[in-house]
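*Asks:* Structure file data02.cif (mmCIF, C-alpha atoms) is given on the next line.
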```
data_upload
loop_
_atom_site.label_atom_id
_atom_site.label_comp_id
_atom_site.auth_asym_id
_atom_site.auth_seq_id
_atom_site.Cartn_x
_atom_site.Cartn_y
_atom_site.Cartn_z
CA MET A 1 -43.97 6.57 17.83
CA SER A 2 -46.60 4.85 19.84
CA GLU A 3 -46.53 1.74 21.92
CA THR A 4 -48.58 -1.11 20.47
CA GLN A 5 -49.21 -4.78 20.88
CA GLU A 6 -48.66 -5.86 17.29
CA PRO A 7 -48.43 -3.35 14.42
CA GLU A 8 -50.34 -4.54 11.40
CA ASN A 9 -48.34 -5.99 8.54
CA GLY A 10 -49.08 -3.52 5.79
CA THR A 11 -51.08 -0.35 5.79
CA THR A 12 -52.31 1.88 3.06
CA GLY A 13 -49.93 4.70 2.30
CA GLY A 14 -51.74 7.80 3.49
CA ASN A 15 -55.23 9.11 3.02
CA GLY A 16 -54.51 11.53 0.23
CA ASP A 17 -52.62 11.53 -3.04
CA ASN A 18 -51.54 14.94 -4.20
CA GLY A 19 -48.45 13.74 -5.99
CA GLY A 20 -49.40 10.55 -7.77
CA GLY A 21 -47.12 7.76 -6.61
CA ASN A 22 -47.35 4.07 -7.30
CA GLY A 23 -50.46 2.25 -6.16
CA SER A 24 -52.18 4.64 -3.76
CA ASN A 25 -54.34 1.80 -2.43
CA VAL A 26 -51.63 -0.85 -2.34
CA PRO A 27 -50.59 -1.96 1.16
CA ALA A 28 -46.95 -1.12 1.84
CA PRO A 29 -45.09 -4.43 2.32
CA ARG A 30 -42.72 -5.02 5.20
CA ASP A 31 -39.09 -5.96 4.73
CA GLN A 32 -39.21 -7.36 8.24
CA GLY A 33 -41.77 -7.92 10.96
CA PRO A 34 -42.18 -5.76 14.03
CA GLU A 35 -39.20 -5.63 16.38
CA VAL A 36 -40.31 -6.62 19.87
CA ILE A 37 -38.13 -4.74 22.34
CA GLY A 38 -39.84 -5.65 25.60
CA VAL A 39 -42.88 -6.84 27.51
CA ARG A 40 -44.71 -4.73 30.07
CA LYS A 41 -46.90 -6.02 32.86
CA GLY A 42 -49.41 -4.04 34.87
CA MET A 43 -49.97 -0.31 34.65
CA PHE A 44 -48.69 2.90 36.22
CA GLY A 45 -45.66 1.30 37.84
CA ALA A 46 -47.55 -0.92 40.30
CA ARG A 47 -46.04 -4.41 40.49
CA ASN A 48 -47.02 -6.16 43.72
CA GLY A 49 -50.53 -5.10 44.62
CA GLY A 50 -51.89 -1.68 45.41
CA ASP A 51 -52.89 -1.02 41.80
CA THR A 52 -56.34 0.57 41.82
CA SER A 53 -56.49 1.06 38.04
CA GLY A 54 -57.86 -2.39 37.21
CA TYR A 55 -54.95 -3.01 34.84
CA GLY A 56 -52.74 -4.97 37.23
CA GLY A 57 -52.96 -8.12 35.08
CA LEU A 58 -52.28 -6.40 31.78
CA VAL A 59 -49.44 -7.87 29.69
CA ARG A 60 -48.33 -5.96 26.58
CA THR A 61 -45.52 -6.35 24.11
CA VAL A 62 -43.59 -3.24 23.15
CA ALA A 63 -42.91 -3.45 19.42
CA MET A 64 -41.37 -1.11 16.88
CA PRO A 65 -42.58 -1.33 13.25
CA GLY A 66 -40.05 -2.75 10.82
CA ALA A 67 -38.80 -1.16 7.61
CA THR A 68 -41.19 -0.93 4.67
CA SER A 69 -40.31 -1.88 1.09
CA ARG A 70 -41.62 -0.19 -2.03
CA PRO A 71 -44.15 0.63 -3.29
CA TYR A 72 -45.09 2.77 -0.31
CA GLY A 73 -48.33 4.02 -1.85
CA SER A 74 -49.90 7.47 -2.08
CA TYR A 75 -47.40 10.30 -2.63
CA PHE A 76 -44.86 8.56 -0.40
CA ASP A 77 -42.83 7.05 -3.26
CA GLU A 78 -42.47 10.43 -4.96
CA VAL A 79 -41.32 12.11 -1.74
CA ALA A 80 -38.79 9.33 -1.07
CA ASP A 81 -37.47 9.51 -4.64
CA GLU A 82 -37.09 13.28 -4.53
CA LEU A 83 -35.38 13.25 -1.14
CA GLU A 84 -32.94 10.50 -2.08
CA GLY A 85 -32.15 12.23 -5.37
CA ALA A 86 -31.58 15.59 -3.68
CA LEU A 87 -29.22 14.01 -1.14
CA GLU A 88 -27.24 12.33 -3.91
CA GLU A 89 -26.85 15.69 -5.61
CA GLN A 90 -25.17 16.86 -2.39
CA ASP A 91 -22.78 13.86 -2.52
CA LEU A 92 -24.51 12.23 0.43
CA LEU A 93 -25.51 8.60 0.02
CA PRO A 94 -29.18 8.27 1.04
CA GLU A 95 -28.51 5.03 2.92
CA ASN A 96 -26.01 6.88 5.13
CA ALA A 97 -28.59 9.48 6.13
CA ILE A 98 -31.82 7.43 6.11
CA GLU A 99 -31.54 4.47 8.45
CA LYS A 100 -34.91 3.06 7.45
CA THR A 101 -38.22 4.14 5.93
CA VAL A 102 -41.44 3.10 7.61
CA VAL A 103 -45.04 3.38 6.41
CA ASP A 104 -47.32 2.67 9.34
CA ARG A 105 -50.91 3.74 10.03
CA GLY A 106 -51.00 5.92 6.95
CA GLU A 107 -47.86 7.87 7.87
CA LEU A 108 -44.48 8.05 6.17
CA THR A 109 -41.52 8.17 8.56
CA PHE A 110 -37.85 8.59 7.67
CA HIS A 111 -35.53 7.39 10.44
CA ILE A 112 -32.56 9.73 10.16
CA ALA A 113 -29.00 9.39 11.50
CA ARG A 114 -28.58 12.32 13.85
CA GLU A 115 -25.40 13.61 12.22
CA HIS A 116 -27.36 14.17 9.00
CA LEU A 117 -30.58 15.52 10.52
CA VAL A 118 -29.96 19.19 9.74
CA ARG A 119 -29.04 18.52 6.11
CA VAL A 120 -32.06 16.28 5.55
CA ALA A 121 -34.39 18.83 7.14
CA ARG A 122 -32.96 21.68 5.07
CA THR A 123 -33.30 19.58 1.92
CA LEU A 124 -36.93 18.78 2.70
CA ARG A 125 -37.58 22.47 3.25
CA ASP A 126 -35.73 23.95 0.28
CA ASP A 127 -36.01 21.46 -2.59
CA PRO A 128 -38.72 22.73 -5.00
CA ALA A 129 -40.19 19.23 -5.43
CA LEU A 130 -40.48 18.76 -1.65
CA ARG A 131 -41.09 22.14 0.00
CA PHE A 132 -41.85 21.02 3.55
CA GLU A 133 -41.90 24.58 4.80
CA LEU A 134 -43.41 23.97 8.24
CA CYS A 135 -42.28 21.87 11.18
CA THR A 136 -45.10 21.65 13.69
CA GLY A 137 -42.72 20.71 16.50
CA VAL A 138 -40.61 17.95 18.00
CA SER A 139 -41.86 15.35 20.45
CA GLY A 140 -39.81 13.13 22.72
CA VAL A 141 -40.38 9.41 23.23
CA HIS A 142 -38.70 7.17 25.78
CA PHE A 143 -38.34 3.42 25.27
CA PRO A 144 -36.13 2.21 28.14
CA GLU A 145 -36.29 -1.34 26.73
CA GLU A 146 -34.68 -0.34 23.41
CA LYS A 147 -31.05 -0.53 24.50
CA GLY A 148 -28.78 1.94 22.75
CA ARG A 149 -31.77 3.81 21.25
CA GLU A 150 -33.76 4.68 24.35
CA LEU A 151 -34.61 8.28 23.41
CA HIS A 152 -36.41 9.32 20.21
CA ALA A 153 -37.03 12.78 18.76
CA VAL A 154 -39.99 12.85 16.35
CA TYR A 155 -40.65 15.73 13.94
CA HIS A 156 -43.80 16.35 11.90
CA LEU A 157 -43.20 18.27 8.66
CA ARG A 158 -45.92 19.74 6.49
CA SER A 159 -45.69 20.95 2.91
CA LEU A 160 -48.08 23.85 2.41
CA THR A 161 -47.13 23.95 -1.26
CA HIS A 162 -47.95 20.33 -2.04
CA GLY A 163 -50.35 19.48 0.81
CA ARG A 164 -48.23 16.63 2.21
CA ILE A 165 -47.03 15.41 5.59
CA VAL A 166 -43.96 13.36 6.56
CA ARG A 167 -42.32 12.44 9.83
CA LEU A 168 -38.65 12.38 10.77
CA GLU A 169 -37.41 10.32 13.68
CA VAL A 170 -33.99 10.32 15.33
CA SER A 171 -32.96 7.77 17.97
CA VAL A 172 -30.11 8.25 20.45
CA PRO A 173 -28.85 6.38 23.52
CA ASP A 174 -29.68 7.55 27.01
CA SER A 175 -25.93 7.76 27.68
CA ASP A 176 -25.46 10.26 24.82
CA PRO A 177 -28.76 12.14 24.43
CA HIS A 178 -27.52 14.75 21.93
CA VAL A 179 -29.49 15.74 18.81
CA PRO A 180 -28.69 18.70 16.51
CA SER A 181 -31.07 21.62 16.92
CA LEU A 182 -33.32 22.45 13.98
CA VAL A 183 -34.06 26.01 15.11
CA ALA A 184 -31.84 27.40 12.34
CA VAL A 185 -33.95 25.50 9.77
CA TYR A 186 -37.35 25.72 11.46
CA PRO A 187 -37.43 28.63 13.97
CA THR A 188 -40.81 27.42 15.28
CA ASN A 189 -38.95 24.56 16.97
CA ASP A 190 -37.43 26.93 19.54
CA TRP A 191 -39.89 26.32 22.38
CA HIS A 192 -40.67 22.76 21.26
CA GLU A 193 -37.03 21.74 21.67
CA ARG A 194 -36.95 23.38 25.10
CA GLU A 195 -40.06 21.46 26.17
CA THR A 196 -38.67 18.16 24.88
CA TYR A 197 -35.40 18.83 26.71
CA ASP A 198 -37.33 19.71 29.87
CA PHE A 199 -39.47 16.58 29.90
CA PHE A 200 -37.21 13.96 28.28
CA GLY A 201 -33.63 15.18 28.71
CA LEU A 202 -32.84 15.29 24.98
CA VAL A 203 -30.05 17.84 24.49
CA PHE A 204 -30.46 19.86 21.28
CA ASP A 205 -26.98 21.00 20.34
CA GLY A 206 -26.91 24.49 18.85
CA HIS A 207 -30.16 25.67 20.41
CA PRO A 208 -29.89 29.39 21.23
CA ALA A 209 -31.13 29.04 24.85
CA LEU A 210 -31.77 25.45 25.91
CA THR A 211 -33.31 25.92 29.36
CA ARG A 212 -36.31 24.41 31.10
CA ILE A 213 -39.62 25.84 29.97
CA MET A 214 -42.18 24.06 32.21
CA MET A 215 -40.38 22.76 35.30
CA PRO A 216 -38.37 24.87 37.77
CA ASP A 217 -34.77 25.47 36.72
CA ASP A 218 -33.42 23.35 39.58
CA TRP A 219 -35.80 20.40 39.02
CA GLN A 220 -34.12 17.01 39.15
CA GLY A 221 -34.89 14.49 36.41
CA PHE A 222 -37.16 14.46 33.39
CA PRO A 223 -40.84 13.84 34.24
CA GLN A 224 -42.01 12.30 30.93
CA ARG A 225 -39.52 9.44 30.95
CA LYS A 226 -41.09 6.08 31.62
CA ASP A 227 -38.73 5.33 34.50
CA TYR A 228 -39.66 8.56 36.30
CA PRO A 229 -41.63 7.88 39.53
CA LEU A 230 -45.39 8.38 39.30
CA GLY A 231 -46.26 9.92 42.63
CA GLY A 232 -44.20 10.01 45.77
CA ILE A 233 -42.87 13.44 44.77
CA PRO A 234 -42.98 15.96 47.67
CA ILE A 235 -45.15 19.02 47.00
CA GLU A 236 -43.01 21.55 48.84
CA TYR A 237 -45.31 24.55 48.82
CA LYS A 238 -48.26 22.54 50.23
CA GLY A 239 -46.34 20.28 52.56
CA ALA A 240 -48.12 17.31 51.01
CA GLN A 241 -46.97 14.17 49.23
CA ILE A 242 -48.69 12.03 46.62
CA PRO A 243 -48.00 8.34 47.31
CA ALA A 244 -46.61 6.15 44.56
CA PRO A 245 -49.16 3.83 42.84
CA ASP A 246 -47.98 0.69 44.64
CA GLN A 247 -48.49 2.45 47.98
CA ARG A 248 -52.05 3.56 47.37
CA ARG A 249 -55.10 1.81 48.77
CA SER A 250 -56.38 -1.09 46.69
CA TYR A 251 -60.11 -1.67 46.34
CA SER A 252 -59.84 -5.12 44.76
#
```
Can you give me the file's structure in the form of C-alpha cells?
*Replies:*
Amino acid sequence: MSETQEPENGTTGGNGDNGGGNGSNVPAPRDQGPEVIGVRKGMFGARNGGDTSGYGGLVRTVAMPGATSRPYGSYFDEVADELEGALEEQDLLPENAIEKTVVDRGELTFHIAREHLVRVARTLRDDPALRFELCTGVSGVHFPEEKGRELHAVYHLRSLTHGRIVRLEVSVPDSDPHVPSLVAVYPTNDWHERETYDFFGLVFDGHPALTRIMMPDDWQGFPQRKDYPLGGIPIEYKGAQIPAPDQRRSYS
C-alpha cells in the first residue's frame, strides 16, 4: 500500500486477461471515495527549519483507497467469484473473511481479517480454479495516522498455472501487532516474515523461529516504522553519531 495524494476514482482492472471476466477495459467503480487518514507536512521528520531536502513546505494527504464495486474488470471478477464460492463451501461467509476488495492501479487486493488469513491463503493455493501456488513475500507498512489499523502486512500471490497475480492485505493495531504466520502454507515466507518482524514489529504467530534477521538481536525498536528517528542514532563501533534532520545544517 503506498502513500498518495489522491487515488484516482476508477482504474482498469489489470493489464492482462487470462481468465475472461466482465469488461476487461471497464474502470472499476468505487463504492466510496478515498479515506483520508492524515496530512503530512515537510519531509524526513524536519519540522522547524534545518531541512536541507528542499521539501520543507510540502503538504500531502495520506489517503487509503476505498472499496471497489463490481465489475472489477480483467480476470479479477472470476478470481473473486471462485474465492468467495470456495469459502462458502467451507461454511465460511466471504464477508466475514474479506473485509473489502480494492482494485487500484491495476491490482486486485483482498483485505482479509487476520483470523481467517491462513484459511484464505490455503484456499487460494489449493483450489483448482485459483492455484496461487507462489507467495513472493510479505511486506510491512506503517500508517501511524490510521488509528487501530496502524500496521499492515501485504502479500503478493502469483498463480503459475493461470498467470495471475493478487494481493492480500491484513491490518492490525500497533497495540496488538499479531498476524498468523503463513510459513505452513507458503514456506518461502520464512525469511520474509522475519524481515518484516525485524523492521516493523509485526509478530507472526506460529513462525518456526521468529528472530531478527537484519538488525542485532538486542536492537531496540523497528527501523522502518515512520515514527522511528531518522538519524541521531549512535554508531557504537565508530564512535560517531548522525544528527537528526532538524539538527543538520540548512543551506536555504
*Asks:* Carefully work through the PyMOL selection byres ((chain A and resi 112) around 7) for this structure and note down the residues it includes, as number ranges by chain.
*Replies:* A: 97-99, 110-111, 113-114, 116-117, 168-170
*Asks:* Neighbours of Gly206 in chain A within 9 Å (all atoms listed in the file; same-chain residues fewer than 3 positions away dropped), as a PyMOL selection string?
*Replies:* chain A and resi 180-184+209-210
*Asks:* Between A:Lys100, A:Tyr197, A:Arg164, A:Ser139, which has the minimum distance to Ser74 in chain A (counting only C-alpha atoms)?
*Replies:*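 Between A:Lys100, A:Tyr197, A:Arg164, A:Ser139, the residue approaching Ser74 in chain A most closely is A:Arg164.
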*Asks:* Measure the distance from CA of Pro208 in chain A to CA of Thr161 in chain A in Å and round it to one decimal.
*Replies:*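 So the answer is 28.9 Å.
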*Asks:* Of the candidates A:Arg158, A:Met64, A:Leu83, A:Asp91, which shows the shortest atom-to-atom distance to Pro128 in chain A, using only C-alpha atoms?
*Replies:*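 Of A:Arg158, A:Met64, A:Leu83, A:Asp91, the one nearest Pro128 in chain A, counting only C-alpha atoms, is A:Leu83.
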*Asks:* Can you spell out as a PyMOL selection string the set of residues that the PyMOL selection byres ((chain A and resi 122) around 10) selects in the structure I just provided?
*Replies:* chain A and resi 117-121+123-127+131-133+182+184-186
*Asks:* Let me make sure I understand: among A:Glu78, A:Leu87, A:Pro173, A:Leu130, which one has the smallest atom-to-atom distance to Glu146 in chain A if we use only C-alpha atoms?
*Replies:* A:Pro173
*Asks:* Any idea what the distance is between CA of Asp81 in chain A and CA of Leu134 in chain A?
*Replies:* 20.3 Å
*Asks:* Exactly which residues make up the result of the PyMOL selection byres ((chain A and resi 41) around 6) on this file, given as a VMD selection string?
*Replies:* chain A and resid 40 42 58 to 59
*Asks:* With distances taken over all atoms listed in the file, which of A:Tyr228, A:Trp219, A:Phe199, A:Phe204 is nearest to Pro144 in chain A?
*Replies:*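 Comparing A:Tyr228, A:Trp219, A:Phe199, A:Phe204 against Pro144 in chain A, the winner is A:Tyr228.
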*Asks:* Work out how far apart CA of Asn96 in chain A and CA of Pro177 in chain A are and give it in Å to one decimal.
*Replies:*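 Between CA of Asn96 in chain A and CA of Pro177 in chain A the gap is 20.2 Å.
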*Asks:* Put the listed atoms of range 94-113 of chain A in a box along x, y and z with 8 Å added on every side and give me the centre and edge lengths in Å to one decimal, as lines of an AutoDock Vina configuration file.
*Replies:*
```
center_x = -38.5
center_y = 6.2
center_z = 6.3
size_x = 41.0
size_y = 23.1
size_z = 26.5
```
*Asks:* Choose the residue, out of A:Val172, A:Leu108, A:Val179, A:Ala129, that has the smallest atom-to-atom separation from His156 in chain A; count only C-alpha atoms.
*Replies:* A:Leu108
*Asks:* Check the smallest atom-to-atom distance from each of A:Val62, A:Glu35, A:Tyr55, A:Val141 to Lys226 in chain A using all atoms listed in the file, then report the winner.
*Replies:*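 For Lys226 in chain A, the nearest of the candidates is A:Val141.
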*Asks:* Kindly reconstruct range 193-222 of chain A with N, CA and C atoms and present the result as a PDB file, in the frame of the given file.
*Replies:*
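Result went into out18.pdb, see below:
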```
ATOM      1  N   GLU A 193     -38.256  22.410  21.242  1.00  0.00           N
ATOM      2  CA  GLU A 193     -37.030  21.740  21.670  1.00  0.00           C
ATOM      3  C   GLU A 193     -36.776  21.963  23.156  1.00  0.00           C
ATOM      4  N   ARG A 194     -37.102  23.139  23.658  1.00  0.00           N
ATOM      5  CA  ARG A 194     -36.950  23.380  25.100  1.00  0.00           C
ATOM      6  C   ARG A 194     -37.869  22.481  25.907  1.00  0.00           C
ATOM      7  N   GLU A 195     -39.108  22.319  25.456  1.00  0.00           N
ATOM      8  CA  GLU A 195     -40.060  21.460  26.170  1.00  0.00           C
ATOM      9  C   GLU A 195     -39.607  20.002  26.140  1.00  0.00           C
ATOM     10  N   THR A 196     -39.124  19.546  24.992  1.00  0.00           N
ATOM     11  CA  THR A 196     -38.670  18.160  24.880  1.00  0.00           C
ATOM     12  C   THR A 196     -37.435  17.931  25.745  1.00  0.00           C
ATOM     13  N   TYR A 197     -36.551  18.912  25.794  1.00  0.00           N
ATOM     14  CA  TYR A 197     -35.400  18.830  26.710  1.00  0.00           C
ATOM     15  C   TYR A 197     -35.886  18.771  28.159  1.00  0.00           C
ATOM     16  N   ASP A 198     -36.833  19.614  28.498  1.00  0.00           N
ATOM     17  CA  ASP A 198     -37.330  19.710  29.870  1.00  0.00           C
ATOM     18  C   ASP A 198     -37.933  18.398  30.339  1.00  0.00           C
ATOM     19  N   PHE A 199     -38.718  17.754  29.484  1.00  0.00           N
ATOM     20  CA  PHE A 199     -39.470  16.580  29.900  1.00  0.00           C
ATOM     21  C   PHE A 199     -38.737  15.262  29.646  1.00  0.00           C
ATOM     22  N   PHE A 200     -37.847  15.221  28.650  1.00  0.00           N
ATOM     23  CA  PHE A 200     -37.210  13.960  28.280  1.00  0.00           C
ATOM     24  C   PHE A 200     -35.689  13.961  28.428  1.00  0.00           C
ATOM     25  N   GLY A 201     -35.073  15.124  28.565  1.00  0.00           N
ATOM     26  CA  GLY A 201     -33.630  15.180  28.710  1.00  0.00           C
ATOM     27  C   GLY A 201     -32.867  15.083  27.408  1.00  0.00           C
ATOM     28  N   LEU A 202     -33.537  15.225  26.267  1.00  0.00           N
ATOM     29  CA  LEU A 202     -32.840  15.290  24.980  1.00  0.00           C
ATOM     30  C   LEU A 202     -32.136  16.638  24.878  1.00  0.00           C
ATOM     31  N   VAL A 203     -30.854  16.622  24.558  1.00  0.00           N
ATOM     32  CA  VAL A 203     -30.050  17.840  24.490  1.00  0.00           C
ATOM     33  C   VAL A 203     -29.919  18.243  23.024  1.00  0.00           C
ATOM     34  N   PHE A 204     -30.469  19.396  22.669  1.00  0.00           N
ATOM     35  CA  PHE A 204     -30.460  19.860  21.280  1.00  0.00           C
ATOM     36  C   PHE A 204     -29.272  20.797  21.082  1.00  0.00           C
ATOM     37  N   ASP A 205     -28.210  20.243  20.524  1.00  0.00           N
ATOM     38  CA  ASP A 205     -26.980  21.000  20.340  1.00  0.00           C
ATOM     39  C   ASP A 205     -27.191  22.137  19.342  1.00  0.00           C
ATOM     40  N   GLY A 206     -26.757  23.332  19.722  1.00  0.00           N
ATOM     41  CA  GLY A 206     -26.910  24.490  18.850  1.00  0.00           C
ATOM     42  C   GLY A 206     -28.142  25.315  19.128  1.00  0.00           C
ATOM     43  N   HIS A 207     -28.990  24.868  20.058  1.00  0.00           N
ATOM     44  CA  HIS A 207     -30.160  25.670  20.410  1.00  0.00           C
ATOM     45  C   HIS A 207     -29.705  26.980  21.049  1.00  0.00           C
ATOM     46  N   PRO A 208     -30.364  28.095  20.721  1.00  0.00           N
ATOM     47  CA  PRO A 208     -29.890  29.390  21.230  1.00  0.00           C
ATOM     48  C   PRO A 208     -30.037  29.573  22.739  1.00  0.00           C
ATOM     49  N   ALA A 209     -30.944  28.865  23.398  1.00  0.00           N
ATOM     50  CA  ALA A 209     -31.130  29.040  24.850  1.00  0.00           C
ATOM     51  C   ALA A 209     -31.851  27.813  25.398  1.00  0.00           C
ATOM     52  N   LEU A 210     -31.138  26.706  25.495  1.00  0.00           N
ATOM     53  CA  LEU A 210     -31.770  25.450  25.910  1.00  0.00           C
ATOM     54  C   LEU A 210     -31.902  25.412  27.423  1.00  0.00           C
ATOM     55  N   THR A 211     -33.019  25.931  27.936  1.00  0.00           N
ATOM     56  CA  THR A 211     -33.310  25.920  29.360  1.00  0.00           C
ATOM     57  C   THR A 211     -34.701  25.322  29.563  1.00  0.00           C
ATOM     58  N   ARG A 212     -34.993  24.959  30.795  1.00  0.00           N
ATOM     59  CA  ARG A 212     -36.310  24.410  31.100  1.00  0.00           C
ATOM     60  C   ARG A 212     -37.390  25.447  30.793  1.00  0.00           C
ATOM     61  N   ILE A 213     -38.534  24.943  30.356  1.00  0.00           N
ATOM     62  CA  ILE A 213     -39.620  25.840  29.970  1.00  0.00           C
ATOM     63  C   ILE A 213     -40.880  25.588  30.796  1.00  0.00           C
ATOM     64  N   MET A 214     -41.004  24.402  31.426  1.00  0.00           N
ATOM     65  CA  MET A 214     -42.180  24.060  32.210  1.00  0.00           C
ATOM     66  C   MET A 214     -41.827  23.838  33.686  1.00  0.00           C
ATOM     67  N   MET A 215     -40.771  23.096  33.934  1.00  0.00           N
ATOM     68  CA  MET A 215     -40.380  22.760  35.300  1.00  0.00           C
ATOM     69  C   MET A 215     -39.451  23.833  35.854  1.00  0.00           C
ATOM     70  N   PRO A 216     -39.329  23.927  37.184  1.00  0.00           N
ATOM     71  CA  PRO A 216     -38.370  24.870  37.770  1.00  0.00           C
ATOM     72  C   PRO A 216     -36.945  24.579  37.293  1.00  0.00           C
ATOM     73  N   ASP A 217     -36.126  25.619  37.248  1.00  0.00           N
ATOM     74  CA  ASP A 217     -34.770  25.470  36.720  1.00  0.00           C
ATOM     75  C   ASP A 217     -33.951  24.437  37.476  1.00  0.00           C
ATOM     76  N   ASP A 218     -34.216  24.265  38.773  1.00  0.00           N
ATOM     77  CA  ASP A 218     -33.420  23.350  39.580  1.00  0.00           C
ATOM     78  C   ASP A 218     -34.089  21.982  39.736  1.00  0.00           C
ATOM     79  N   TRP A 219     -35.104  21.686  38.909  1.00  0.00           N
ATOM     80  CA  TRP A 219     -35.800  20.400  39.020  1.00  0.00           C
ATOM     81  C   TRP A 219     -34.866  19.249  38.645  1.00  0.00           C
ATOM     82  N   GLN A 220     -34.944  18.181  39.407  1.00  0.00           N
ATOM     83  CA  GLN A 220     -34.120  17.010  39.150  1.00  0.00           C
ATOM     84  C   GLN A 220     -34.882  15.996  38.312  1.00  0.00           C
ATOM     85  N   GLY A 221     -34.272  15.539  37.222  1.00  0.00           N
ATOM     86  CA  GLY A 221     -34.890  14.490  36.410  1.00  0.00           C
ATOM     87  C   GLY A 221     -35.789  15.042  35.335  1.00  0.00           C
ATOM     88  N   PHE A 222     -36.367  14.111  34.559  1.00  0.00           N
ATOM     89  CA  PHE A 222     -37.160  14.460  33.390  1.00  0.00           C
ATOM     90  C   PHE A 222     -38.509  13.736  33.487  1.00  0.00           C
TER      91      PHE A 222
END
```
